[in-house]
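Q: Just passing along the structure, written as structure tokens.
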Amino acid sequence: MNGEHAAVNGRSRPQRAQWTYREVADELRARIRSGLLRPGQRMPTQAQLADDFGVERSAVRQALGILQSEHLLANVSKGSPATVVENTRAAFDGPGAPPQPTMVALSQKVSAAFRRQEVEIDALCLTAVSLTLAMGEPLRLIHAGRIKPATVRVRVLLPSRDIDLAFPAPADAAVGADGVTGGRLRRNWLEQRNAQGQVLRHNLLALRATHGIDVQVSFRALPFTPPVKLYLLNNAQALFAYYTLTRRGEQLDHEQVDVYDAQGLRQTLFAFEHGSGLRDTTFVEQSHLWFNSLWNTISTDLNLNS
């Protein structure tokens with residue numbers, strides 16, 4: 001293979017039982033964004049990609065078709081390897097950029113939000129894991145002295161521990177009927193909710209002592225399982241994703257059970273920006289009204305220690 005032909009196995013293939021064509025597209029998109037697949041480089045052949053991901057060529061063709069429609073690849077055909085476009089930044093960040101998986105989009109947007117002097121972030125989600133991970137880059141930049149906001153205000157709405165969660169839930173009604181499996185799923189969710197919230201709060205409040213930044217972090221509990229996740233950044237952006245449920249196996253106390261759950265980190269996140277047309281502006285404004293209405297009415301104090 002020549003030097004200008006990008007090897008897909010430049011890093012070890014992530015382990016997964018079975019890749020879908022959308023997951024192949026997500027992985028290749030991430031490699032393009034990170035620079036592992038560089039602008040102007042030729043992609044591996046479809047046969048090589050199929051072998052690397054352990055999928056049929058039809059799945060590879062679908063994945064490449066997605067990236068071509070997003071203007072990340074050119075010359076996608078059966079006859080020769082595709083090429084990464086020269087201007088990938090326009091495809092990722094320009095007007096009309098496609099929606100991306102939660103962790104890809106959220107990390108970028110949160111990092112950009114922290115470049116303001118006054119940072120305001122509101123989040124409604126099942127757990128705070130996505131937001132906690134997305135905070136990693138701006139916190140690194142603050143500690144490196146590259147950015148320093150004056151104030152940081154974060155509000156998070158999470159499900160209450162006192163409700164019956166709609167998900168995660170046992171996929172087998174008979175298994176869940178005894179309450180044991182459902183109880184273990186609930187316990188695992190609650191432990192994650194509390195742990196991620198505590199990490200988020202600790203990491204942000206530490207900025208007071210280390211950098212003198214005025215930080216406020218607040219949590220409140222919702223009386224329902226949110227079917228969507230919503231992030232509001234600096235009163236200017238709304239990031240929205242559906243929790244799409246799938247049936248999957250999960251190890252609970254050394255027992256394999258089937259559950260209905262959503263992979264929050266991989267849910268497609270749609271971005272709306274205030275000032276980018278009437279539709280986007282209205283969505284951002286209505287999202288703020290909705291979040292504030294929940295925060296100020298039916299939500300209750302949330303204790304991350306119980």
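Ligands are numbered from 1 in the order shown, chains are lettered A, B, ... in the order of the structure tokens, and residues start at 1 in each chain.
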Mind the document's chain letters and residue numbers, and return as an MDAnalysis selection string the residues of stretch 68-168 of chain A that DSSP labels alpha helix (DSSP H).
A: chainID A and resid 68:69 88:93 102:113 129:134 136:143
Q: Residues within 12 Å of A:Asp162, please, as a count of residues only. Count only C-alpha atoms; anything in the same chain fewer than 6 positions from it doesn't count.
A: 13
Q: For A:Met103, which residue among A:Gln216, A:Asp26, A:Arg201, A:Met43 is the nearest when counting only C-alpha atoms?
A: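 Counting only C-alpha atoms, the residue closest to A:Met103 is A:Asp26.
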Q: Would you mind listing what lies within 6 Å of A:Thr268 as an MDAnalysis selection string, with only C-alpha atoms counted and same-chain residues fewer than 6 positions away left out?
A: chainID A and resid 100:102 241
Q: Just all heavy atoms for this one: save the residues we selected as a PDB file, in the first residue's frame.
A:
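Heads up, here's the output in out.pdb:
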```pdb
ATOM      1  N   GLN A 100     -24.718  14.924  14.247  1.00  0.00           N
ATOM      2  CA  GLN A 100     -23.641  14.006  14.595  1.00  0.00           C
ATOM      3  C   GLN A 100     -23.981  13.262  15.875  1.00  0.00           C
ATOM      4  O   GLN A 100     -24.880  13.662  16.623  1.00  0.00           O
ATOM      5  CB  GLN A 100     -22.334  14.777  14.778  1.00  0.00           C
ATOM      6  CG  GLN A 100     -21.863  15.491  13.526  1.00  0.00           C
ATOM      7  CD  GLN A 100     -20.682  16.403  13.813  1.00  0.00           C
ATOM      8  OE1 GLN A 100     -20.647  17.112  14.793  1.00  0.00           O
ATOM      9  NE2 GLN A 100     -19.704  16.367  12.932  1.00  0.00           N
ATOM     10  N   PRO A 101     -23.259  12.169  16.162  1.00  0.00           N
ATOM     11  CA  PRO A 101     -23.478  11.483  17.437  1.00  0.00           C
ATOM     12  C   PRO A 101     -23.239  12.425  18.611  1.00  0.00           C
ATOM     13  O   PRO A 101     -22.449  13.371  18.510  1.00  0.00           O
ATOM     14  CB  PRO A 101     -22.438  10.354  17.410  1.00  0.00           C
ATOM     15  CG  PRO A 101     -22.164  10.128  15.960  1.00  0.00           C
ATOM     16  CD  PRO A 101     -22.287  11.471  15.308  1.00  0.00           C
ATOM     17  N   THR A 102     -23.922  12.165  19.716  1.00  0.00           N
ATOM     18  CA  THR A 102     -23.894  13.061  20.866  1.00  0.00           C
ATOM     19  C   THR A 102     -22.484  13.465  21.275  1.00  0.00           C
ATOM     20  O   THR A 102     -22.195  14.654  21.431  1.00  0.00           O
ATOM     21  CB  THR A 102     -24.607  12.411  22.062  1.00  0.00           C
ATOM     22  OG1 THR A 102     -26.010  12.301  21.774  1.00  0.00           O
ATOM     23  CG2 THR A 102     -24.443  13.246  23.321  1.00  0.00           C
ATOM     24  N   ALA A 241     -31.637  15.489  21.104  1.00  0.00           N
ATOM     25  CA  ALA A 241     -31.529  14.116  20.611  1.00  0.00           C
ATOM     26  C   ALA A 241     -32.646  13.272  21.204  1.00  0.00           C
ATOM     27  O   ALA A 241     -33.060  13.473  22.353  1.00  0.00           O
ATOM     28  CB  ALA A 241     -30.172  13.510  20.970  1.00  0.00           C
TER      29      ALA A 241
END
```
Q: So which one's closest to A:Arg31, A:Leu67, A:Val60, A:Ala206, A:Ala171? Using only C-alpha atoms, please.
A: A:Leu67
Q: Please extract the residues of stretch 134-192 of chain A with a backbone DSSP assignment of strand (DSSP E or B) and present them as a ChimeraX atom specification.
A: /A:151-159,169-170
Q: Need the shell around A:Phe219: protein/DNA/RNA residues with any atom at most 6 Å away, counting only C-alpha atoms. Skip same-chain ones fewer than 3 positions apart. Format as a CSV table (one decimal) with C-alpha atoms, in the first residue's frame?
A:
```
chain,number,residue,atom,x,y,z
A,155,ARG,CA,-28.2,23.5,35.6
A,156,VAL,CA,-29.0,19.8,35.2
A,157,LEU,CA,-32.4,18.1,35.2
A,302,LEU,CA,-32.0,16.3,43.9
```
Q: Residues within 9 Å of A:His288, please, as a PyMOL selection string. Count only C-alpha atoms; anything in the same chain fewer than 5 positions from it doesn't count.
A: chain A and resi 122+232+235+238+283+293
Q: Of the candidates A:Asp261, A:Glu118, A:Glu70, A:Asp280, which one gets nearest to A:Leu239 if we count only C-alpha atoms?
A: A:Asp280
Q: At a cut-off of 12 Å, using only C-alpha atoms, what residues contact A:Val76? Leave out same-chain residues fewer than 2 positions from it and give the result as a list in words.
A: Arg42, Met43, Pro44, Thr45, Gln46, Val60, Arg61, Gln62, Ala63, Leu64, Gly65, Ile66, Leu67, Gln68, Ser69, His71, Leu72, Leu73, Ala74, Lys78, Gly79, Ser80, Pro81, Ala82, Thr83, Val84 and Val85 of chain A
Q: Atom CA of A:Glu56 and atom CA of A:Gln41, how far apart in Å?
A: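 Spanning atom CA of A:Gln41 to atom CA of A:Glu56 is a straight-line distance of 23.3 Å.
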Q: Can you work out the spacing between atom CA of A:Asn292 and atom CA of A:Arg220 in Å, to one decimal?
A: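 Computing it gives 11.5 Å between the two atoms.
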Q: For atom CA of A:Thr151 and atom CA of A:Val284, quote the distance in Å rounded to one decimal.
A: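 Atom CA of A:Val284 lies at a distance of 21.8 Å from atom CA of A:Thr151.
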Q: For A:Tyr21, which residue among A:Leu205, A:Ala59, A:Ala144, A:Val104 is the nearest when counting only C-alpha atoms?
A: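 Of A:Leu205, A:Ala59, A:Ala144, A:Val104, the one nearest A:Tyr21 is A:Ala59, counting only C-alpha atoms.
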Q: Contacts of A:Glu285 at 12 Å or less, counting only C-alpha atoms, minus same-chain residues fewer than 3 places along, as a list in words?
A: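 Everything that qualifies: Leu232, Leu233, Asn234, Asn235, Ala236, Gln237, Ala238, Phe272, Glu273, His274, Gly275, Leu278, Arg279, Asp280, Thr281, Thr282, His288, Leu289, Trp290, Phe291 and Asn292 of chain A.
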